[in-house]
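In what follows, a structure is listed as structure tokens, so that the remarks can point back to it.
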Amino acid sequence: MPRKVNYGLDYDEDYDMYDDYDYDYDHDSDVERDGGMLEVRQAIAKPGIWRCSICTYDNDESMPVCDICGVFRNPPVNVSSTGSKKTDPFKFDRPSPDDLVSEGKNSSRKVSKGVPSNANEKVGTVKLPHAKKSECSLVSLPKGLLSTTNENVGTYKMPNVKSIEGSSVSLPKGSQFHADESICSSVNEEKPQSLASSFTDVTLSEKSGSSKTVNSKRATSHAEYKPEKWMLPEQNEGILTQLNLAIVGHVDSGKSTLSGRLLHLLGRISQKEMHKFEKEAKLKGKGSFAYAWALDESAEERERGITMTVAVAYFDSKKYHVVVLDSPGHKDFVPNMISGATQADAAILVIDASVGSFETGMDSNGGQTREHAQLIRSFGVDEIIVGINKMDAVSYSKERFDTIKMQLGTFLRSCGFKDSFVSWIPLSAMENQNLVKAASDIRLSSWYQGSHLLDAIDSLHPPIRDTVKPLRMPICDVIRSHLQGQVAASGKLESGAIRSGSKVLVMPSGDVATVRSLERDSQCCTIARAGDNVAVSLQGIDGGRVMAGGVLCHPDFPVAVATRLELKVLVLDIVMPILVGSQIEFHIYHAKEAARVVRIISLIDQKTGKVTKKAPRCLTSKQSAVIEVVLDGAVCVEEFSKCRALGRVFLRSSGRTIAVGIVSRIIEQ
Ligand code: GTP
Ligand code: MG
């Protein structure tokens, strides 16, 4: 089963500067040096007070942290998540795709190729709700998520599941499950549940000696993990590899229209259903949105003519079982875009070619073409298709196409996309030009004979899957049935595998549950592996202990739960500098938490990766730095070197993404 969303700019291959260098900054020695500095500064302060090494404020002796900027009096011991003192500098663990290509090595992509998916599974579209941690998607889950048709397996329907063929999947009348009610009860009647509060619960339940609760500190080294045979991908011929494809771009660029049109052309939306959309859209005076309505399902989205949450749909190409993640382009819904598109393996960046529209998307002050491109790169996506849409609006002008390609190409390079991993397709979703077959309009075919969009999708490299690492499934949505006492978590497996009957550790609550059943693409399945989007029905656990923003793990290999992290970040275009003490929104996969910058450790040279300045007072646009943040509540997290998906972060402030980065060290668990 599909579900929804998350995010994070990834420095890995993207930033050239991070690619190849051995990061020779020695944290230990630095901390020791800093520590030395602290001692000196504190020594000269008056008796009974200590002077903050960062802001130089004189604090009372009793204060463990600086009253002004929140920096700890004594620098934290540089301890890794496993408790050992960290000596190895951070290093990206995967060479750049371009390096692999140019050196002719066997790409790791090829090695890990083939997360099989059931090509014959029926396809549906799923609306992914906003995955905020506390209010989270639970609030917006529609009714009818839980099918009671198969009581034995407890089949779950994802939010807004809808069959492409037009038979909308809904609960049988009289179903005992009322998703909204159950959800609302967890949201309205109680205080919104946060990861932090749940973490407190963990401590309590540990004390109470719950036999089902696992000590989250009992981390076993990933090196000791040996996958069982069933966990590894089968080499079945004829099974298509699943490709999670995010459709991103500035508001109104035509993402949903393009997605709807593709689904229709590929037979996933029936003619009958298309007529229905057309009729309804016309009645509402929104005839041009007919294709978009296939993805924009809520009344508000249709009324406003914008996508608000990521919608998920499926189609099969020659090579892939494609999971389409149609993202909202409006700037107000960037967190939703982050939460949904973070699971992408590749992306289509949709550009509106109309005069003025492309330029608005590229505006450094709020242009979503820019922000989405940066974000998608930060999700670890290194390969994109740029769909230059609405070419009909510029009479299929080659000059316009070339201008856009030149300007946007420069920007994409600056985001870390390699030229060889970007393809450019002129198209018109509205006039069906260049989508699944070569353009028929002579104005386009006279100068463009390259691939059409579907070919370009098939030309994408197969995604890498972490099948040999322990299970990690960030929870995107939770569906609870209080009446039946059932709970299901949906999300994409980032690593490892899961099957019916498996035990899983639900973090951050630390409870162990048993997998009752699995559902993928609205169909029951017995095994899911890294890369698969599934709904996991759990038993043996209180529904309240499973929450969006959490992670399902292998019971012996728990994910860390932390509040204090060291990050390596790239600052985007910002107006206000980032200071020690700056309040930020911290986003990581489907979780979001308020946070504060407590230390700016160093600036890094983007080309060499060397430290250029220690403890700068502030960070400005385009600087790379190592910083330390403290979160208001604990989140499940991994160092990027261990698990990319759980180690990518975004920092936002005042409705804008101000920095993207990776977790280089977990300081406090
Ligand atoms: P958000 O999800 O809100 O960011 O918008 P979107 O990118 O999904 O755009 P959507 O598909 O909702 O389309 C916005 C408008 O652009 C609609 O009126 C579409 O009819 C129009 N549109 C989409 N594709 C084309 C195209 O190829 N040519 C023309 N002329 N208009 C198009
Ligand atoms: Mg849309």
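Naming scheme: A, B, ... for chains in displayed order of the structure tokens; residues 1 onward per chain; ligands 1 onward as shown.
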Can you list every residue of chain A that has an atom at most 8 Å from ligand 1, with its nearest atom pair and the distance in Å to one decimal, using only C-alpha atoms and all ligand atoms, ordered by chain then number, as a Markdown table?
```
| residue | atom | partner | partner_atom_place_in_ligand_line | distance |
| --- | --- | --- | --- | --- |
| A:Val248 | CA | ligand 1 | 7 (O) | 7.7 |
| A:Gly249 | CA | ligand 1 | 7 (O) | 6.6 |
| A:His250 | CA | ligand 1 | 4 (O) | 5.8 |
| A:Val251 | CA | ligand 1 | 4 (O) | 3.2 |
| A:Asp252 | CA | ligand 1 | 5 (O) | 3.4 |
| A:Ser253 | CA | ligand 1 | 7 (O) | 3.9 |
| A:Gly254 | CA | ligand 1 | 9 (O) | 3.4 |
| A:Lys255 | CA | ligand 1 | 7 (O) | 3.8 |
| A:Ser256 | CA | ligand 1 | 8 (O) | 3.7 |
| A:Thr257 | CA | ligand 1 | 11 (O) | 3.6 |
| A:Leu258 | CA | ligand 1 | 24 (N) | 6.3 |
| A:Ser259 | CA | ligand 1 | 11 (O) | 7.9 |
| A:Lys286 | CA | ligand 1 | 18 (O) | 7.5 |
| A:Gly287 | CA | ligand 1 | 20 (O) | 7.6 |
| A:Ser288 | CA | ligand 1 | 20 (O) | 3.9 |
| A:Phe289 | CA | ligand 1 | 20 (O) | 4.9 |
| A:Ala290 | CA | ligand 1 | 20 (O) | 7.5 |
| A:Tyr291 | CA | ligand 1 | 11 (O) | 7.2 |
| A:Ala292 | CA | ligand 1 | 11 (O) | 4.9 |
| A:Asp296 | CA | ligand 1 | 2 (O) | 7.9 |
| A:Gly305 | CA | ligand 1 | 12 (O) | 5.9 |
| A:Ile306 | CA | ligand 1 | 3 (O) | 3.2 |
| A:Thr307 | CA | ligand 1 | 2 (O) | 3.8 |
| A:Met308 | CA | ligand 1 | 2 (O) | 6.9 |
| A:Asp326 | CA | ligand 1 | 8 (O) | 7.5 |
| A:Ser327 | CA | ligand 1 | 2 (O) | 6.4 |
| A:Pro328 | CA | ligand 1 | 2 (O) | 4.3 |
| A:Gly329 | CA | ligand 1 | 4 (O) | 3.2 |
| A:His330 | CA | ligand 1 | 4 (O) | 5.2 |
| A:Val350 | CA | ligand 1 | 7 (O) | 7.4 |
| A:Asp352 | CA | ligand 1 | 25 (C) | 7.9 |
| A:Asn389 | CA | ligand 1 | 27 (O) | 5.2 |
| A:Lys390 | CA | ligand 1 | 27 (O) | 3.6 |
| A:Met391 | CA | ligand 1 | 27 (O) | 6.4 |
| A:Asp392 | CA | ligand 1 | 28 (N) | 5.7 |
| A:Ala393 | CA | ligand 1 | 30 (N) | 5.1 |
| A:Leu427 | CA | ligand 1 | 27 (O) | 6.8 |
| A:Ser428 | CA | ligand 1 | 27 (O) | 3.6 |
| A:Ala429 | CA | ligand 1 | 27 (O) | 3.8 |
| A:Met430 | CA | ligand 1 | 27 (O) | 3.9 |
| A:Glu431 | CA | ligand 1 | 27 (O) | 6.1 |
| A:Asn432 | CA | ligand 1 | 27 (O) | 7.5 |
```
Quick one: pick out all strand (DSSP E) residues within range 354-514 of chain A from a backbone DSSP run and write them as a tab-separated table (two decimals) with N, CA, C and O atoms, in the first residue's frame.
```tsv
chain	number	residue	atom	x	y	z
A	384	ILE	N	16.76	13.62	-12.18
A	384	ILE	CA	15.44	14.23	-12.42
A	384	ILE	C	15.16	14.40	-13.91
A	384	ILE	O	16.07	14.47	-14.74
A	385	ILE	N	13.87	14.46	-14.17
A	385	ILE	CA	13.40	14.80	-15.51
A	385	ILE	C	12.79	16.19	-15.38
A	385	ILE	O	11.95	16.40	-14.49
A	386	VAL	N	13.24	17.12	-16.20
A	386	VAL	CA	12.61	18.44	-16.18
A	386	VAL	C	11.55	18.43	-17.28
A	386	VAL	O	11.87	18.36	-18.47
A	387	GLY	N	10.30	18.46	-16.86
A	387	GLY	CA	9.20	18.48	-17.84
A	387	GLY	C	8.80	19.93	-18.07
A	387	GLY	O	8.19	20.55	-17.21
A	388	ILE	N	9.20	20.46	-19.21
A	388	ILE	CA	8.85	21.86	-19.50
A	388	ILE	C	7.46	21.85	-20.12
A	388	ILE	O	7.27	21.55	-21.31
A	389	ASN	N	6.50	22.13	-19.25
A	389	ASN	CA	5.09	21.97	-19.58
A	389	ASN	C	4.50	23.27	-20.13
A	389	ASN	O	5.14	24.31	-20.12
A	422	VAL	N	20.19	14.77	-15.60
A	422	VAL	CA	19.01	15.62	-15.79
A	422	VAL	C	18.57	15.49	-17.24
A	422	VAL	O	19.37	15.66	-18.16
A	423	SER	N	17.30	15.14	-17.47
A	423	SER	CA	16.82	15.13	-18.86
A	423	SER	C	15.74	16.20	-19.02
A	423	SER	O	15.00	16.50	-18.08
A	424	TRP	N	15.68	16.74	-20.21
A	424	TRP	CA	14.82	17.89	-20.48
A	424	TRP	C	13.78	17.50	-21.54
A	424	TRP	O	14.14	17.14	-22.65
A	425	ILE	N	12.51	17.59	-21.19
A	425	ILE	CA	11.46	17.20	-22.12
A	425	ILE	C	10.46	18.34	-22.31
A	425	ILE	O	9.78	18.73	-21.34
A	426	PRO	N	10.34	18.87	-23.52
A	426	PRO	CA	9.28	19.85	-23.76
A	426	PRO	C	7.95	19.11	-23.92
A	426	PRO	O	7.90	18.09	-24.61
A	472	ARG	N	13.89	-0.45	8.73
A	472	ARG	CA	13.58	0.93	9.11
A	472	ARG	C	12.38	1.35	8.27
A	472	ARG	O	12.47	1.43	7.05
A	473	MET	N	11.27	1.57	8.90
A	473	MET	CA	10.12	2.10	8.15
A	473	MET	C	9.59	3.33	8.87
A	473	MET	O	8.88	3.23	9.87
A	474	PRO	N	9.98	4.53	8.39
A	474	PRO	CA	9.42	5.75	8.98
A	474	PRO	C	7.90	5.74	8.80
A	474	PRO	O	7.41	5.45	7.71
A	477	ASP	N	1.71	7.54	8.22
A	477	ASP	CA	0.34	7.66	8.71
A	477	ASP	C	0.02	6.54	9.67
A	477	ASP	O	0.58	5.45	9.57
A	478	VAL	N	-0.92	6.84	10.54
A	478	VAL	CA	-1.40	5.79	11.44
A	478	VAL	C	-2.91	5.74	11.31
A	478	VAL	O	-3.58	6.77	11.29
A	479	ILE	N	-3.41	4.55	11.17
A	479	ILE	CA	-4.85	4.37	11.05
A	479	ILE	C	-5.28	3.51	12.24
A	479	ILE	O	-4.75	2.43	12.44
A	480	ARG	N	-6.20	4.06	13.04
A	480	ARG	CA	-6.59	3.32	14.24
A	480	ARG	C	-8.06	2.98	14.21
A	480	ARG	O	-8.88	3.77	13.77
A	481	SER	N	-8.35	1.82	14.67
A	481	SER	CA	-9.74	1.46	14.89
A	481	SER	C	-9.89	1.15	16.36
A	481	SER	O	-9.46	0.09	16.82
A	486	GLN	N	-7.61	-2.16	16.46
A	486	GLN	CA	-6.57	-2.39	15.45
A	486	GLN	C	-5.84	-1.11	15.14
A	486	GLN	O	-6.39	-0.01	15.23
A	487	VAL	N	-4.61	-1.26	14.74
A	487	VAL	CA	-3.84	-0.10	14.34
A	487	VAL	C	-2.97	-0.50	13.16
A	487	VAL	O	-2.45	-1.63	13.10
A	488	ALA	N	-2.86	0.40	12.21
A	488	ALA	CA	-1.98	0.15	11.06
A	488	ALA	C	-1.09	1.36	10.86
A	488	ALA	O	-1.51	2.49	11.05
A	489	ALA	N	0.16	1.08	10.52
A	489	ALA	CA	1.11	2.16	10.23
A	489	ALA	C	1.47	2.05	8.77
A	489	ALA	O	1.69	0.95	8.26
A	490	SER	N	1.50	3.18	8.08
A	490	SER	CA	1.88	3.12	6.68
A	490	SER	C	3.14	3.93	6.44
A	490	SER	O	3.43	4.88	7.16
A	491	GLY	N	3.88	3.52	5.45
A	491	GLY	CA	5.11	4.22	5.13
A	491	GLY	C	5.92	3.44	4.12
A	491	GLY	O	5.49	2.40	3.63
A	492	LYS	N	7.08	3.98	3.82
A	492	LYS	CA	7.96	3.30	2.87
A	492	LYS	C	9.10	2.64	3.66
A	492	LYS	O	9.71	3.28	4.51
A	497	ALA	N	13.41	-5.60	5.65
A	497	ALA	CA	12.20	-6.24	5.13
A	497	ALA	C	11.28	-6.58	6.29
A	497	ALA	O	11.68	-6.57	7.45
A	498	ILE	N	10.05	-6.90	5.93
A	498	ILE	CA	9.03	-7.17	6.94
A	498	ILE	C	8.08	-8.21	6.35
A	498	ILE	O	7.88	-8.23	5.13
A	499	ARG	N	7.51	-9.07	7.18
A	499	ARG	CA	6.49	-9.99	6.65
A	499	ARG	C	5.46	-10.30	7.73
A	499	ARG	O	5.71	-10.04	8.92
A	503	LYS	N	8.09	-9.72	14.19
A	503	LYS	CA	8.04	-8.79	15.33
A	503	LYS	C	8.70	-7.50	14.88
A	503	LYS	O	9.73	-7.52	14.18
A	504	VAL	N	8.12	-6.39	15.27
A	504	VAL	CA	8.74	-5.10	14.96
A	504	VAL	C	8.79	-4.26	16.22
A	504	VAL	O	7.93	-4.39	17.10
A	505	LEU	N	9.80	-3.44	16.27
A	505	LEU	CA	9.93	-2.51	17.39
A	505	LEU	C	9.35	-1.17	16.93
A	505	LEU	O	9.75	-0.65	15.89
A	506	VAL	N	8.40	-0.67	17.68
A	506	VAL	CA	7.77	0.59	17.30
A	506	VAL	C	8.44	1.71	18.10
A	506	VAL	O	8.37	1.75	19.33
A	507	MET	N	9.13	2.58	17.41
A	507	MET	CA	9.82	3.68	18.08
A	507	MET	C	9.08	4.98	17.78
A	507	MET	O	8.48	5.12	16.72
A	511	ASP	N	7.80	-0.15	22.08
A	511	ASP	CA	7.00	-1.36	22.23
A	511	ASP	C	7.24	-2.32	21.07
A	511	ASP	O	7.44	-1.88	19.93
A	512	VAL	N	7.14	-3.59	21.37
A	512	VAL	CA	7.26	-4.58	20.31
A	512	VAL	C	5.86	-5.00	19.89
A	512	VAL	O	4.99	-5.22	20.74
A	513	ALA	N	5.63	-5.07	18.59
A	513	ALA	CA	4.32	-5.50	18.08
A	513	ALA	C	4.54	-6.60	17.05
A	513	ALA	O	5.66	-6.81	16.58
A	514	THR	N	3.47	-7.28	16.71
A	514	THR	CA	3.56	-8.32	15.69
A	514	THR	C	2.85	-7.85	14.44
A	514	THR	O	1.78	-7.22	14.53
```
For this session: For Lys469 in chain A, work out the shell of residues within 8 Å, counting only C-alpha atoms and skipping chain neighbours fewer than 3 positions away, then give it as a ChimeraX atom specification.
Result: /A:222,225-227,466,495-496
Non-local contacts of range 435-446 of chain A (8 Å; only C-alpha atoms; under 6 positions in same chain excluded) as a PDB file with all heavy atoms, in the first residue's frame:
```
ATOM      1  N   LEU A 262      -1.263  11.366 -17.556  1.00  0.00           N
ATOM      2  CA  LEU A 262      -0.470  10.134 -17.705  1.00  0.00           C
ATOM      3  C   LEU A 262      -1.284   8.914 -17.273  1.00  0.00           C
ATOM      4  O   LEU A 262      -1.308   7.893 -17.964  1.00  0.00           O
ATOM      5  CB  LEU A 262       0.785  10.210 -16.821  1.00  0.00           C
ATOM      6  CG  LEU A 262       2.049  10.817 -17.423  1.00  0.00           C
ATOM      7  CD1 LEU A 262       3.171  10.807 -16.388  1.00  0.00           C
ATOM      8  CD2 LEU A 262       2.492  10.048 -18.673  1.00  0.00           C
ATOM      9  N   LEU A 265      -3.845   8.205 -19.917  1.00  0.00           N
ATOM     10  CA  LEU A 265      -3.260   7.631 -21.138  1.00  0.00           C
ATOM     11  C   LEU A 265      -2.805   6.191 -20.923  1.00  0.00           C
ATOM     12  O   LEU A 265      -2.812   5.378 -21.836  1.00  0.00           O
ATOM     13  CB  LEU A 265      -2.054   8.478 -21.586  1.00  0.00           C
ATOM     14  CG  LEU A 265      -2.391   9.865 -22.143  1.00  0.00           C
ATOM     15  CD1 LEU A 265      -1.136  10.703 -22.275  1.00  0.00           C
ATOM     16  CD2 LEU A 265      -3.086   9.733 -23.502  1.00  0.00           C
ATOM     17  N   SER A 395       3.544  28.561 -28.021  1.00  0.00           N
ATOM     18  CA  SER A 395       3.567  28.075 -29.411  1.00  0.00           C
ATOM     19  C   SER A 395       4.716  27.108 -29.670  1.00  0.00           C
ATOM     20  O   SER A 395       5.328  27.119 -30.732  1.00  0.00           O
ATOM     21  CB  SER A 395       3.645  29.251 -30.385  1.00  0.00           C
ATOM     22  OG  SER A 395       2.635  30.165 -30.113  1.00  0.00           O
ATOM     23  N   TYR A 396       5.031  26.307 -28.681  1.00  0.00           N
ATOM     24  CA  TYR A 396       6.089  25.290 -28.794  1.00  0.00           C
ATOM     25  C   TYR A 396       7.409  25.910 -29.264  1.00  0.00           C
ATOM     26  O   TYR A 396       8.122  25.340 -30.074  1.00  0.00           O
ATOM     27  CB  TYR A 396       5.646  24.152 -29.708  1.00  0.00           C
ATOM     28  CG  TYR A 396       4.441  23.412 -29.151  1.00  0.00           C
ATOM     29  CD1 TYR A 396       3.145  23.717 -29.563  1.00  0.00           C
ATOM     30  CD2 TYR A 396       4.597  22.437 -28.180  1.00  0.00           C
ATOM     31  CE1 TYR A 396       2.042  23.062 -29.024  1.00  0.00           C
ATOM     32  CE2 TYR A 396       3.502  21.780 -27.632  1.00  0.00           C
ATOM     33  CZ  TYR A 396       2.230  22.092 -28.060  1.00  0.00           C
ATOM     34  OH  TYR A 396       1.159  21.437 -27.519  1.00  0.00           O
ATOM     35  N   SER A 397       7.691  27.055 -28.717  1.00  0.00           N
ATOM     36  CA  SER A 397       8.878  27.792 -29.157  1.00  0.00           C
ATOM     37  C   SER A 397      10.171  27.141 -28.668  1.00  0.00           C
ATOM     38  O   SER A 397      10.370  26.927 -27.463  1.00  0.00           O
ATOM     39  CB  SER A 397       8.788  29.231 -28.630  1.00  0.00           C
ATOM     40  OG  SER A 397      10.059  29.790 -28.525  1.00  0.00           O
ATOM     41  N   LYS A 398      11.047  26.846 -29.610  1.00  0.00           N
ATOM     42  CA  LYS A 398      12.349  26.262 -29.271  1.00  0.00           C
ATOM     43  C   LYS A 398      13.175  27.262 -28.461  1.00  0.00           C
ATOM     44  O   LYS A 398      13.899  26.900 -27.534  1.00  0.00           O
ATOM     45  CB  LYS A 398      13.087  25.867 -30.556  1.00  0.00           C
ATOM     46  CG  LYS A 398      14.440  25.229 -30.298  1.00  0.00           C
ATOM     47  CD  LYS A 398      15.073  24.761 -31.595  1.00  0.00           C
ATOM     48  CE  LYS A 398      16.376  23.998 -31.397  1.00  0.00           C
ATOM     49  NZ  LYS A 398      17.341  24.603 -30.522  1.00  0.00           N
ATOM     50  N   LEU A 427       6.902  19.602 -23.289  1.00  0.00           N
ATOM     51  CA  LEU A 427       5.629  18.883 -23.397  1.00  0.00           C
ATOM     52  C   LEU A 427       4.431  19.792 -23.124  1.00  0.00           C
ATOM     53  O   LEU A 427       4.588  20.931 -22.672  1.00  0.00           O
ATOM     54  CB  LEU A 427       5.604  17.679 -22.451  1.00  0.00           C
ATOM     55  CG  LEU A 427       6.044  17.859 -20.998  1.00  0.00           C
ATOM     56  CD1 LEU A 427       4.882  18.243 -20.131  1.00  0.00           C
ATOM     57  CD2 LEU A 427       6.648  16.558 -20.490  1.00  0.00           C
ATOM     58  N   SER A 428       3.294  19.253 -23.405  1.00  0.00           N
ATOM     59  CA  SER A 428       2.059  19.924 -23.026  1.00  0.00           C
ATOM     60  C   SER A 428       1.114  18.858 -22.478  1.00  0.00           C
ATOM     61  O   SER A 428       0.673  17.969 -23.209  1.00  0.00           O
ATOM     62  CB  SER A 428       1.406  20.616 -24.238  1.00  0.00           C
ATOM     63  OG  SER A 428       0.079  20.976 -23.898  1.00  0.00           O
ATOM     64  N   ALA A 429       0.858  18.954 -21.186  1.00  0.00           N
ATOM     65  CA  ALA A 429      -0.037  17.979 -20.564  1.00  0.00           C
ATOM     66  C   ALA A 429      -1.444  18.190 -21.103  1.00  0.00           C
ATOM     67  O   ALA A 429      -2.179  17.239 -21.362  1.00  0.00           O
ATOM     68  CB  ALA A 429      -0.013  18.146 -19.054  1.00  0.00           C
ATOM     69  N   HIS A 452      10.171  10.942 -25.344  1.00  0.00           N
ATOM     70  CA  HIS A 452       8.967  11.469 -24.710  1.00  0.00           C
ATOM     71  C   HIS A 452       9.041  11.138 -23.220  1.00  0.00           C
ATOM     72  O   HIS A 452       9.968  10.442 -22.772  1.00  0.00           O
ATOM     73  CB  HIS A 452       7.699  10.935 -25.385  1.00  0.00           C
ATOM     74  CG  HIS A 452       7.618   9.446 -25.489  1.00  0.00           C
ATOM     75  ND1 HIS A 452       7.403   8.646 -24.390  1.00  0.00           N
ATOM     76  CD2 HIS A 452       7.739   8.606 -26.564  1.00  0.00           C
ATOM     77  CE1 HIS A 452       7.368   7.384 -24.790  1.00  0.00           C
ATOM     78  NE2 HIS A 452       7.576   7.332 -26.102  1.00  0.00           N
ATOM     79  N   LEU A 453       8.084  11.651 -22.466  1.00  0.00           N
ATOM     80  CA  LEU A 453       8.176  11.554 -21.007  1.00  0.00           C
ATOM     81  C   LEU A 453       8.249  10.108 -20.497  1.00  0.00           C
ATOM     82  O   LEU A 453       9.059   9.787 -19.629  1.00  0.00           O
ATOM     83  CB  LEU A 453       6.976  12.277 -20.375  1.00  0.00           C
ATOM     84  CG  LEU A 453       7.002  12.398 -18.860  1.00  0.00           C
ATOM     85  CD1 LEU A 453       8.189  13.204 -18.377  1.00  0.00           C
ATOM     86  CD2 LEU A 453       5.708  13.038 -18.353  1.00  0.00           C
ATOM     87  N   LEU A 454       7.419   9.239 -21.051  1.00  0.00           N
ATOM     88  CA  LEU A 454       7.390   7.859 -20.558  1.00  0.00           C
ATOM     89  C   LEU A 454       8.727   7.159 -20.819  1.00  0.00           C
ATOM     90  O   LEU A 454       9.223   6.406 -19.975  1.00  0.00           O
ATOM     91  CB  LEU A 454       6.239   7.091 -21.222  1.00  0.00           C
ATOM     92  CG  LEU A 454       5.875   5.766 -20.560  1.00  0.00           C
ATOM     93  CD1 LEU A 454       5.450   5.961 -19.112  1.00  0.00           C
ATOM     94  CD2 LEU A 454       4.753   5.073 -21.328  1.00  0.00           C
ATOM     95  N   ASP A 455       9.327   7.449 -21.970  1.00  0.00           N
ATOM     96  CA  ASP A 455      10.646   6.892 -22.264  1.00  0.00           C
ATOM     97  C   ASP A 455      11.677   7.403 -21.275  1.00  0.00           C
ATOM     98  O   ASP A 455      12.546   6.658 -20.814  1.00  0.00           O
ATOM     99  CB  ASP A 455      11.101   7.319 -23.678  1.00  0.00           C
ATOM    100  CG  ASP A 455      10.741   6.270 -24.702  1.00  0.00           C
ATOM    101  OD1 ASP A 455      10.264   5.197 -24.290  1.00  0.00           O
ATOM    102  OD2 ASP A 455      10.925   6.534 -25.910  1.00  0.00           O
TER     103      ASP A 455
END
```
For this session: Name all residues at most 8 Å from range 595-597 of chain A (count only C-alpha atoms; drop same-chain ones fewer than 2 positions away) and give them as a list of chain:residue names.
Result: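 The filter keeps A:Leu579, A:Val580, A:Gly581, A:Ser582, A:Gln583, A:Ile584, A:Glu585, A:Phe586, A:Glu593, A:Arg599, A:Ile600, A:Ile627, A:Glu628, A:Val629, A:Val630, A:Leu631, A:Asp632.
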For this session: Check the DSSP output for the backbone and give back, as a ChimeraX atom specification, the residues of range 260-413 of chain A in helix (DSSP H, G or I).
Result: /A:260-265,271-283,287-289,292-294,299-304,331-341,357-361,368-378,391-394,398-413
Exercise. Between A:Asp458, A:Glu383, A:Glu301, A:Glu519, which is the closest to ligand 2 once you count only C-alpha atoms and all ligand atoms?
Worked result: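 For ligand 2, the nearest of the candidates is A:Glu301.
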Exercise. Can you tell me, as an NGL selection string, what residues are no more than 8 Å from range 653-662 of chain A when counting only C-alpha atoms, ignoring any on the same chain fewer than 5 positions away?
Worked result: :A and (8-11 or 331-332 or 366 or 371 or 375 or 378 or 567-574 or 583-585 or 639-640 or 647-648)
Can you write just those residues out, N, CA and C atoms, as a CSV table (one decimal), in the first residue's frame?
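After the write, part_31.csv holds the following:
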```csv
chain,number,residue,atom,x,y,z
A,8,GLY,N,14.2,16.1,2.6
A,8,GLY,CA,15.6,16.4,3.1
A,8,GLY,C,16.7,16.6,2.1
A,9,LEU,N,17.3,17.7,2.0
A,9,LEU,CA,18.4,17.9,1.0
A,9,LEU,C,19.6,17.1,1.4
A,10,ASP,N,20.1,16.4,0.5
A,10,ASP,CA,21.1,15.5,0.8
A,10,ASP,C,22.4,16.0,0.2
A,11,TYR,N,23.3,16.0,1.0
A,11,TYR,CA,24.6,16.6,0.5
A,11,TYR,C,25.3,15.5,-0.3
A,331,LYS,N,3.4,27.4,-1.8
A,331,LYS,CA,4.5,27.5,-0.7
A,331,LYS,C,3.9,27.2,0.7
A,332,ASP,N,2.6,27.4,0.9
A,332,ASP,CA,2.1,27.1,2.2
A,332,ASP,C,2.1,25.6,2.5
A,366,GLY,N,10.7,33.1,-2.8
A,366,GLY,CA,9.4,32.3,-2.8
A,366,GLY,C,9.1,31.5,-4.0
A,371,GLU,N,12.8,26.1,-4.6
A,371,GLU,CA,12.8,25.4,-3.3
A,371,GLU,C,12.6,23.9,-3.5
A,375,LEU,N,15.0,21.0,-2.4
A,375,LEU,CA,14.5,20.0,-1.4
A,375,LEU,C,14.6,18.6,-2.0
A,378,SER,N,17.9,17.4,-1.7
A,378,SER,CA,18.2,17.0,-0.4
A,378,SER,C,17.5,15.7,0.1
A,567,LEU,N,24.8,18.6,13.1
A,567,LEU,CA,24.3,18.6,11.7
A,567,LEU,C,25.4,19.3,10.8
A,568,LYS,N,25.5,18.8,9.6
A,568,LYS,CA,26.2,19.5,8.5
A,568,LYS,C,25.2,20.1,7.6
A,569,VAL,N,25.2,21.4,7.5
A,569,VAL,CA,24.1,22.0,6.7
A,569,VAL,C,24.7,22.9,5.6
A,570,LEU,N,23.8,23.1,4.6
A,570,LEU,CA,24.0,24.1,3.6
A,570,LEU,C,22.9,25.1,3.7
A,571,VAL,N,23.3,26.3,3.9
A,571,VAL,CA,22.4,27.4,4.1
A,571,VAL,C,21.9,27.8,2.8
A,572,LEU,N,20.5,27.9,2.6
A,572,LEU,CA,20.0,28.3,1.3
A,572,LEU,C,19.9,29.9,1.3
A,573,ASP,N,19.2,30.4,0.4
A,573,ASP,CA,19.1,31.9,0.3
A,573,ASP,C,18.2,32.4,1.5
A,574,ILE,N,18.8,33.1,2.4
A,574,ILE,CA,18.1,33.5,3.6
A,574,ILE,C,18.2,35.0,3.8
A,583,GLN,N,15.7,30.1,16.6
A,583,GLN,CA,14.6,29.1,16.7
A,583,GLN,C,14.3,28.6,15.3
A,584,ILE,N,14.2,27.3,15.1
A,584,ILE,CA,14.0,26.8,13.8
A,584,ILE,C,12.9,25.6,13.8
A,585,GLU,N,12.4,25.3,12.7
A,585,GLU,CA,11.6,24.1,12.6
A,585,GLU,C,12.5,23.0,12.0
A,639,GLU,N,22.5,8.5,12.2
A,639,GLU,CA,23.5,9.3,11.5
A,639,GLU,C,23.4,9.0,10.1
A,640,PHE,N,23.6,10.0,9.2
A,640,PHE,CA,23.5,9.8,7.8
A,640,PHE,C,24.3,8.7,7.2
A,647,GLY,N,18.7,10.3,8.2
A,647,GLY,CA,19.8,11.2,8.6
A,647,GLY,C,19.8,12.4,7.8
A,648,ARG,N,18.7,12.7,7.0
A,648,ARG,CA,18.6,13.9,6.3
A,648,ARG,C,17.6,14.9,6.9
```
For this session: Measuring atom to atom with only C-alpha atoms and all ligand atoms, identify which of A:Leu295, A:Leu565, A:Ala353, A:Ala560 is nearest to ligand 2.
Result: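 Nearest to ligand 2: A:Leu295.
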